[in-house]
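> My structure is stored as coords13.cif, with mmCIF, C-alpha atoms and all ligand atoms.
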data_target
#
loop_
_atom_site.label_atom_id
_atom_site.label_comp_id
_atom_site.auth_asym_id
_atom_site.auth_seq_id
_atom_site.Cartn_x
_atom_site.Cartn_y
_atom_site.Cartn_z
CA MET M 24 -74.37 230.48 140.36
CA ALA M 25 -72.82 233.88 140.90
CA VAL M 26 -69.21 235.02 140.87
CA SER M 27 -67.47 233.60 143.91
CA LEU M 28 -64.06 233.15 145.50
CA ARG M 29 -62.58 229.94 146.84
CA PRO M 30 -59.11 228.70 147.83
CA GLN M 31 -56.76 228.01 144.95
CA GLN M 32 -56.08 224.36 144.12
CA PRO M 33 -53.12 222.71 142.36
CA ASP M 34 -55.31 221.89 139.33
CA ASP M 35 -56.06 225.62 138.88
CA MET M 36 -52.48 226.62 138.33
CA HIS M 37 -52.08 225.72 134.66
CA LEU M 38 -54.88 228.21 133.93
CA LEU M 39 -53.60 231.00 136.18
CA THR M 40 -50.86 231.87 133.74
CA GLY M 41 -50.85 235.66 134.16
CA GLY M 42 -50.50 235.83 130.39
CA GLU M 43 -52.27 237.75 127.61
CA SER M 44 -51.93 241.08 129.38
CA PRO M 45 -49.33 243.81 128.71
CA PHE M 46 -49.69 244.81 132.35
CA ASP M 47 -48.36 241.45 133.55
CA ASP M 48 -45.34 241.24 131.24
CA PHE M 49 -42.54 240.72 133.77
CA GLY M 50 -40.52 238.11 131.89
CA PRO M 51 -40.22 234.33 132.33
CA ALA M 52 -41.99 232.89 135.33
CA SER M 53 -42.40 229.38 136.62
CA ARG M 54 -45.90 228.04 137.04
CA PRO M 55 -47.12 229.49 140.36
CA GLU M 56 -48.02 227.45 143.40
CA PRO M 57 -51.49 227.84 144.95
CA ARG M 58 -51.44 230.85 147.26
CA PRO M 59 -52.44 230.50 150.90
CA ALA M 60 -56.08 231.39 151.50
CA ARG M 61 -55.42 233.20 154.77
CA LEU M 62 -56.11 236.93 155.02
CA ASP M 63 -53.54 237.80 157.69
CA ALA M 64 -50.59 236.85 155.45
CA ASP M 65 -49.79 237.27 151.78
CA GLY M 66 -52.22 235.09 149.88
CA GLY M 67 -54.76 234.64 147.13
CA LEU M 68 -57.99 233.04 146.00
CA ALA M 69 -59.43 231.61 142.83
CA VAL M 70 -62.19 233.58 141.07
CA ILE M 71 -65.06 231.39 139.90
CA ALA M 72 -67.40 232.74 137.21
CA GLY M 73 -71.13 232.30 137.03
CA ASP M 74 -70.67 229.24 134.82
CA GLY M 75 -68.74 227.51 137.61
CA GLN M 76 -65.41 227.71 135.78
CA LEU M 77 -62.14 229.22 136.94
CA ALA M 78 -62.10 232.82 135.68
CA GLY M 79 -58.81 233.91 137.26
CA GLY M 80 -57.15 234.72 140.53
CA VAL M 81 -56.98 237.48 143.11
CA SER M 82 -54.01 237.97 145.41
CA TRP M 83 -52.78 240.29 148.12
CA HIS M 84 -49.60 241.25 149.88
CA TRP M 85 -49.30 243.28 153.04
CA THR M 86 -47.74 246.74 153.01
CA GLU M 87 -47.15 249.13 155.88
CA TRP M 88 -47.32 252.89 156.42
CA GLY M 89 -45.87 252.84 159.92
CA PRO M 90 -44.01 250.50 162.28
CA THR M 91 -46.98 249.12 164.18
CA ALA M 92 -49.69 246.66 163.25
CA GLY M 93 -52.36 249.34 162.90
CA SER M 94 -50.53 250.81 159.90
CA ARG M 95 -50.48 247.60 157.89
CA CYS M 96 -52.84 247.04 155.00
CA PRO M 97 -53.25 244.57 152.15
CA MET M 98 -52.61 245.55 148.54
CA ILE M 99 -54.69 243.42 146.20
CA GLY M 100 -54.14 242.33 142.62
CA ILE M 101 -56.16 240.43 140.04
CA TRP M 102 -55.72 238.58 136.78
CA LEU M 103 -58.58 237.14 134.72
CA ARG M 104 -58.38 234.69 131.84
CA PRO M 105 -58.98 236.63 128.61
CA GLU M 106 -62.37 235.07 127.85
CA TYR M 107 -63.67 236.16 131.26
CA ARG M 108 -62.72 239.82 130.97
CA GLY M 109 -65.26 242.55 130.31
CA HIS M 110 -68.19 240.84 132.08
CA GLY M 111 -68.02 242.64 135.41
CA ILE M 112 -66.20 239.74 137.05
CA GLY M 113 -63.15 241.86 137.93
CA THR M 114 -65.34 244.42 139.63
CA ALA M 115 -67.32 241.84 141.60
CA ALA M 116 -64.27 239.79 142.58
CA GLN M 117 -62.32 242.77 143.90
CA ALA M 118 -65.34 244.06 145.79
CA GLN M 119 -65.65 240.62 147.39
CA VAL M 120 -62.00 240.65 148.45
CA VAL M 121 -62.52 244.03 150.09
CA GLY M 122 -65.55 242.63 151.87
CA LEU M 123 -63.54 239.68 153.16
CA PHE M 124 -60.85 241.95 154.63
CA PHE M 125 -63.30 244.29 156.33
CA ARG M 126 -65.37 241.42 157.70
CA HIS M 127 -62.63 239.08 158.83
CA THR M 128 -59.73 241.39 159.75
CA THR M 129 -59.51 244.74 161.52
CA VAL M 130 -57.75 246.62 158.69
CA ASN M 131 -58.82 250.17 158.01
CA ARG M 132 -57.63 250.30 154.42
CA VAL M 133 -57.34 248.02 151.39
CA GLU M 134 -55.06 249.18 148.57
CA ALA M 135 -54.61 248.48 144.87
CA HIS M 136 -52.19 249.79 142.29
CA THR M 137 -52.45 249.75 138.52
CA ASP M 138 -50.80 251.19 135.44
CA VAL M 139 -51.91 254.65 134.26
CA GLU M 140 -52.85 252.98 130.96
CA ASN M 141 -54.84 250.11 132.50
CA VAL M 142 -58.26 251.69 132.07
CA ALA M 143 -60.13 248.44 132.60
CA GLU M 144 -58.60 247.94 136.04
CA GLN M 145 -59.07 251.59 137.00
CA ARG M 146 -62.76 251.39 136.14
CA ALA M 147 -63.15 248.03 137.85
CA LEU M 148 -61.55 249.35 141.04
CA GLU M 149 -63.68 252.48 141.06
CA ALA M 150 -66.82 250.42 140.49
CA ALA M 151 -65.75 248.22 143.41
CA GLY M 152 -65.54 251.24 145.73
CA PHE M 153 -61.87 252.18 145.53
CA GLN M 154 -60.86 255.82 145.39
CA ARG M 155 -57.99 257.16 143.32
CA GLU M 156 -55.29 258.61 145.57
CA GLY M 157 -52.46 259.63 143.26
CA VAL M 158 -49.89 258.82 140.63
CA THR M 159 -46.83 256.75 141.54
CA ARG M 160 -44.29 258.14 139.10
CA GLY M 161 -41.95 255.62 137.48
CA ALA M 162 -42.85 253.04 140.11
CA GLN M 163 -42.91 249.87 138.04
CA TRP M 164 -40.22 248.39 135.81
CA ARG M 165 -41.91 246.32 133.16
CA ASP M 166 -41.15 245.37 129.58
CA GLY M 167 -38.00 247.44 129.28
CA THR M 168 -39.09 250.72 130.83
CA TYR M 169 -40.43 252.40 133.97
CA HIS M 170 -44.18 252.93 134.13
CA ASP M 171 -46.30 255.35 136.11
CA GLY M 172 -49.07 253.83 138.21
CA ILE M 173 -52.12 254.94 140.15
CA LEU M 174 -52.58 254.13 143.83
CA TYR M 175 -56.13 253.29 144.88
CA ALA M 176 -57.57 252.56 148.31
CA VAL M 177 -60.88 251.93 150.01
CA LEU M 178 -61.25 252.70 153.72
CA ARG M 179 -63.52 250.84 156.10
CA ALA M 180 -65.73 253.93 156.46
CA ASP M 181 -65.92 254.71 152.74
CA PRO M 182 -69.19 254.19 150.90
CA ARG M 183 -69.14 250.94 148.97
CA PRO M 184 -71.42 249.62 146.23
CA SER M 185 -73.91 246.88 146.94
CA LEU M 186 -72.06 243.58 146.71
CA PRO M 187 -75.13 241.54 145.70
CA ASP M 188 -75.77 243.98 142.85
CA LEU M 189 -72.18 243.73 141.58
CA VAL M 190 -72.22 239.95 141.82
CA ALA M 191 -75.58 239.76 140.05
CA ALA M 192 -74.34 242.06 137.30
CA ALA M 193 -71.40 239.74 136.70
CA ASN M 194 -73.52 236.60 136.75
CA VAL M 195 -72.90 235.66 133.15
CA ALA M 196 -71.67 232.49 131.58
CA ALA M 197 -68.36 232.89 129.80
CA ARG M 198 -68.34 232.50 126.07
CA ASP M 199 -66.14 229.38 126.22
CA GLY M 200 -65.20 228.18 129.65
CA GLY M 201 -62.58 225.47 129.15
CA GLY M 202 -63.15 222.73 131.71
CA THR M 203 -61.65 223.20 135.11
CA THR M 204 -62.37 222.79 138.75
CA PRO M 205 -65.91 223.65 139.88
CA ALA M 206 -66.54 226.15 142.64
CA THR M 207 -66.38 224.28 145.89
CA GLY M 208 -65.82 225.86 149.26
CA ALA M 209 -66.88 229.32 148.13
CA LEU M 210 -66.13 232.07 150.64
CA SER M 211 -68.65 234.61 151.79
CA SER M 212 -67.73 238.25 152.08
C1 LIG E 301 -58.34 244.43 134.68
C2 LIG E 301 -59.39 243.35 134.89
C3 LIG E 301 -59.18 242.68 136.22
C4 LIG E 301 -60.78 244.03 134.90
O1 LIG E 301 -61.75 243.04 135.12
P1 LIG E 301 -62.96 242.90 134.08
O2 LIG E 301 -63.86 241.86 134.61
O3 LIG E 301 -62.40 242.68 132.71
O4 LIG E 301 -63.59 244.33 134.16
P2 LIG E 301 -65.13 244.64 134.29
O5 LIG E 301 -65.91 243.85 133.31
O6 LIG E 301 -65.49 244.49 135.74
O7 LIG E 301 -65.18 246.13 133.81
C5 LIG E 301 -64.84 247.18 134.64
C6 LIG E 301 -64.96 248.45 133.82
O8 LIG E 301 -63.86 248.51 132.90
C7 LIG E 301 -64.39 248.70 131.59
N1 LIG E 301 -63.53 247.92 130.74
C8 LIG E 301 -63.46 246.58 130.66
N2 LIG E 301 -62.51 246.24 129.75
C9 LIG E 301 -62.01 247.39 129.28
C10 LIG E 301 -60.99 247.70 128.33
N3 LIG E 301 -60.30 246.72 127.71
N4 LIG E 301 -60.72 249.00 128.09
C11 LIG E 301 -61.39 249.96 128.73
N5 LIG E 301 -62.36 249.73 129.66
C12 LIG E 301 -62.66 248.46 129.90
C13 LIG E 301 -65.80 248.18 131.64
O9 LIG E 301 -66.57 248.79 130.64
C14 LIG E 301 -66.22 248.59 133.00
O10 LIG E 301 -66.50 249.96 133.01
P3 LIG E 301 -67.94 250.49 133.39
O11 LIG E 301 -68.27 249.89 134.74
O12 LIG E 301 -67.78 251.95 133.42
O13 LIG E 301 -68.81 249.97 132.31
C15 LIG E 301 -59.33 242.27 133.76
O14 LIG E 301 -59.65 242.87 132.54
C16 LIG E 301 -57.97 241.60 133.66
O15 LIG E 301 -57.74 240.59 134.30
N6 LIG E 301 -57.07 242.16 132.82
C17 LIG E 301 -55.72 241.61 132.66
C18 LIG E 301 -54.87 241.62 133.92
C19 LIG E 301 -54.82 242.98 134.56
O16 LIG E 301 -54.71 244.02 133.93
N7 LIG E 301 -54.89 242.95 135.91
C20 LIG E 301 -54.77 244.14 136.72
C21 LIG E 301 -53.33 244.49 136.91
S1 LIG E 301 -53.13 245.85 138.02
#
In structure tokens, what does this structure look like?
Ligand SMILES: CC(C)(COP(=O)(O)OP(=O)(O)OC[C@H]1O[C@@H](n2cnc3c(N)ncnc32)[C@H](O)[C@@H]1OP(=O)(O)O)[C@@H](O)C(=O)NCCC(=O)NCCS

Amino acid sequence: MAVSLRPQQPDDMHLLTGGESPFDDFGPASRPEPRPARLDADGGLAVIAGDGQLAGGVSWHWTEWGPTAGSRCPMIGIWLRPEYRGHGIGTAAQAQVVGLFFRHTTVNRVEAHTDVENVAEQRALEAAGFQREGVTRGAQWRDGTYHDGILYAVLRADPRPSLPDLVAAANVAARDGGGTTPATGALSS
């Protein structure tokens, strides 16, 4: 079974903690609710690893660069459980989200934003087809200080890597999964 995405379920939420990452240190947070799995509103999906276990979550919120619908685009985010990082899953999952938006909506652009020091996410985004657009100076308040970020985007017409190749490359069993919900209702992109 390859890396896949499916709607988030209540039983996933105790594992989607957002923890163990300095780039997600925004202070106390209640356990999140499952995000809606619809693309035309803010939402999210569960990321299922090749071993069938919950590896993490992807999410998106809509931003706009003009007052009309044609200037709206989703900005995506991702968090993986620590034991599932470094296996290509982040690359494959984000490439799949991009594929979902270009296949099932009419958006021209999908965005992402990450810290200047988050090399793993920068490399994952670039491997997924995103292009670096610029530095957002002092854009994010986190852990007691302002941080610079990097804005990334992929346009509908941009060249993108082969999704089957990315998914195959990430088709590894995690070192220790930790039982959770199997991948049912996987979405195609
Ligand atoms: C960032 C994250 C999504 C990347 O996903 P991943 O599955 O771990 O990354 P991948 O295995 O797809 O690796 C992507 C690239 O980053 C590199 N990489 C992975 N971990 C790295 C690390 N800790 N430091 C530097 N590079 C790293 C890989 O070598 C790979 O580069 P390559 O294609 O040139 O070989 C994941 O590590 C994560 O969830 N981190 C914590 C939360 C977070 O930072 N989310 C993003 C917030 S904007």
> Between CA of Ala72 in chain M and CA of Phe124 in chain M, measure the distance and give it in Å to one decimal.
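So the two atoms, CA of Ala72 in chain M and CA of Phe124 in chain M, lie 20.8 Å apart.
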> Pick out the closest residue to Glu87 in chain M from this set: M:Ala209, M:Leu39, M:Ala180, M:Val133. Count only C-alpha atoms.
M:Val133
> Around ligand LIG 301 (chain E), which protein and nucleic acid residues have at least one atom no more than 6 Å from it, if we count all atoms listed in the file? List them as a VMD selection string.
chain M and resid 44 46 100 to 103 108 to 114 136 to 137 142 to 144 146 to 147 150
> Tell me, in Å to one decimal, how far CA of Pro51 in chain M is from CA of Gln163 in chain M.
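The value is 16.8 Å.
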> Can you work out the spacing between CA of Glu43 in chain M and CA of Val121 in chain M in Å, to one decimal?
25.5 Å
> Determine, counting all atoms listed in the file, which protein, DNA and RNA residues have an atom within 7 Å of an atom of Val26 in chain M; residues of the same chain fewer than 4 positions away are not included. Present the result as a list of chain:residue names.
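Result of the neighbour search: M:Ile71, M:Ala72, M:Gly73, M:Ile112, M:Val190, M:Ala193, M:Asn194.
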> Measuring between all atoms listed in the file, which one of M:Arg29, M:Leu189, M:Val139, M:Arg132 shows the shortest distance to Trp88 in chain M?
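Looking at the shortest contact to Trp88 in chain M, the residue is M:Arg132.
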> Using the partial input, fill out range 81-108 of chain M with N, CA and C atoms; write the result as an mmCIF file, keeping the file's coordinate frame.

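Below is the file rebuild_0.cif, written as the result:
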data_model
loop_
_atom_site.group_PDB
_atom_site.id
_atom_site.type_symbol
_atom_site.label_atom_id
_atom_site.label_comp_id
_atom_site.auth_asym_id
_atom_site.auth_seq_id
_atom_site.Cartn_x
_atom_site.Cartn_y
_atom_site.Cartn_z
ATOM 1 N N VAL M 81 -57.271 236.245 142.377
ATOM 2 C CA VAL M 81 -56.980 237.480 143.110
ATOM 3 C C VAL M 81 -55.875 237.158 144.120
ATOM 4 N N SER M 82 -55.093 238.175 144.448
ATOM 5 C CA SER M 82 -54.010 237.970 145.410
ATOM 6 C C SER M 82 -53.849 239.229 146.244
ATOM 7 N N TRP M 83 -53.071 239.113 147.292
ATOM 8 C CA TRP M 83 -52.780 240.290 148.120
ATOM 9 C C TRP M 83 -51.434 240.114 148.788
ATOM 10 N N HIS M 84 -50.786 241.240 149.016
ATOM 11 C CA HIS M 84 -49.600 241.250 149.880
ATOM 12 C C HIS M 84 -49.735 242.423 150.826
ATOM 13 N N TRP M 85 -49.129 242.264 151.993
ATOM 14 C CA TRP M 85 -49.300 243.280 153.040
ATOM 15 C C TRP M 85 -48.226 244.357 152.927
ATOM 16 N N THR M 86 -48.658 245.605 153.018
ATOM 17 C CA THR M 86 -47.740 246.740 153.010
ATOM 18 C C THR M 86 -47.915 247.476 154.337
ATOM 19 N N GLU M 87 -47.020 248.418 154.597
ATOM 20 C CA GLU M 87 -47.150 249.130 155.880
ATOM 21 C C GLU M 87 -46.784 250.597 155.712
ATOM 22 N N TRP M 88 -47.499 251.432 156.452
ATOM 23 C CA TRP M 88 -47.320 252.890 156.420
ATOM 24 C C TRP M 88 -46.810 253.400 157.767
ATOM 25 N N GLY M 89 -46.389 252.498 158.602
ATOM 26 C CA GLY M 89 -45.870 252.840 159.920
ATOM 27 C C GLY M 89 -45.382 251.560 160.577
ATOM 28 N N PRO M 90 -44.675 251.655 161.700
ATOM 29 C CA PRO M 90 -44.010 250.500 162.280
ATOM 30 C C PRO M 90 -44.907 249.576 163.093
ATOM 31 N N THR M 91 -46.133 249.956 163.342
ATOM 32 C CA THR M 91 -46.980 249.120 164.180
ATOM 33 C C THR M 91 -48.107 248.475 163.373
ATOM 34 N N ALA M 92 -48.717 247.490 163.978
ATOM 35 C CA ALA M 92 -49.690 246.660 163.250
ATOM 36 C C ALA M 92 -50.845 247.469 162.676
ATOM 37 N N GLY M 93 -51.230 248.542 163.366
ATOM 38 C CA GLY M 93 -52.360 249.340 162.900
ATOM 39 C C GLY M 93 -52.112 250.051 161.589
ATOM 40 N N SER M 94 -50.856 250.119 161.150
ATOM 41 C CA SER M 94 -50.530 250.810 159.900
ATOM 42 C C SER M 94 -50.311 249.840 158.746
ATOM 43 N N ARG M 95 -50.626 248.577 158.964
ATOM 44 C CA ARG M 95 -50.480 247.600 157.890
ATOM 45 C C ARG M 95 -51.783 247.504 157.101
ATOM 46 N N CYS M 96 -51.633 247.264 155.804
ATOM 47 C CA CYS M 96 -52.840 247.040 155.000
ATOM 48 C C CYS M 96 -52.493 246.144 153.819
ATOM 49 N N PRO M 97 -53.491 245.432 153.309
ATOM 50 C CA PRO M 97 -53.250 244.570 152.150
ATOM 51 C C PRO M 97 -53.344 245.371 150.859
ATOM 52 N N MET M 98 -52.477 245.040 149.916
ATOM 53 C CA MET M 98 -52.610 245.550 148.540
ATOM 54 C C MET M 98 -53.027 244.376 147.671
ATOM 55 N N ILE M 99 -54.136 244.546 146.967
ATOM 56 C CA ILE M 99 -54.690 243.420 146.200
ATOM 57 C C ILE M 99 -54.323 243.528 144.725
ATOM 58 N N GLY M 100 -54.357 242.392 144.058
ATOM 59 C CA GLY M 100 -54.140 242.330 142.620
ATOM 60 C C GLY M 100 -55.082 241.304 142.016
ATOM 61 N N ILE M 101 -55.239 241.356 140.707
ATOM 62 C CA ILE M 101 -56.160 240.430 140.040
ATOM 63 C C ILE M 101 -55.674 240.147 138.636
ATOM 64 N N TRP M 102 -55.941 238.953 138.193
ATOM 65 C CA TRP M 102 -55.720 238.580 136.780
ATOM 66 C C TRP M 102 -56.859 237.662 136.374
ATOM 67 N N LEU M 103 -57.509 237.983 135.247
ATOM 68 C CA LEU M 103 -58.580 237.140 134.720
ATOM 69 C C LEU M 103 -58.160 236.537 133.393
ATOM 70 N N ARG M 104 -58.597 235.302 133.142
ATOM 71 C CA ARG M 104 -58.380 234.690 131.840
ATOM 72 C C ARG M 104 -59.059 235.560 130.782
ATOM 73 N N PRO M 105 -58.458 235.676 129.606
ATOM 74 C CA PRO M 105 -58.980 236.630 128.610
ATOM 75 C C PRO M 105 -60.464 236.493 128.315
ATOM 76 N N GLU M 106 -60.958 235.249 128.218
ATOM 77 C CA GLU M 106 -62.370 235.070 127.850
ATOM 78 C C GLU M 106 -63.335 235.474 128.956
ATOM 79 N N TYR M 107 -62.808 235.747 130.149
ATOM 80 C CA TYR M 107 -63.670 236.160 131.260
ATOM 81 C C TYR M 107 -63.580 237.650 131.555
ATOM 82 N N ARG M 108 -62.840 238.383 130.745
ATOM 83 C CA ARG M 108 -62.720 239.820 130.970
ATOM 84 C C ARG M 108 -63.905 240.559 130.336
#
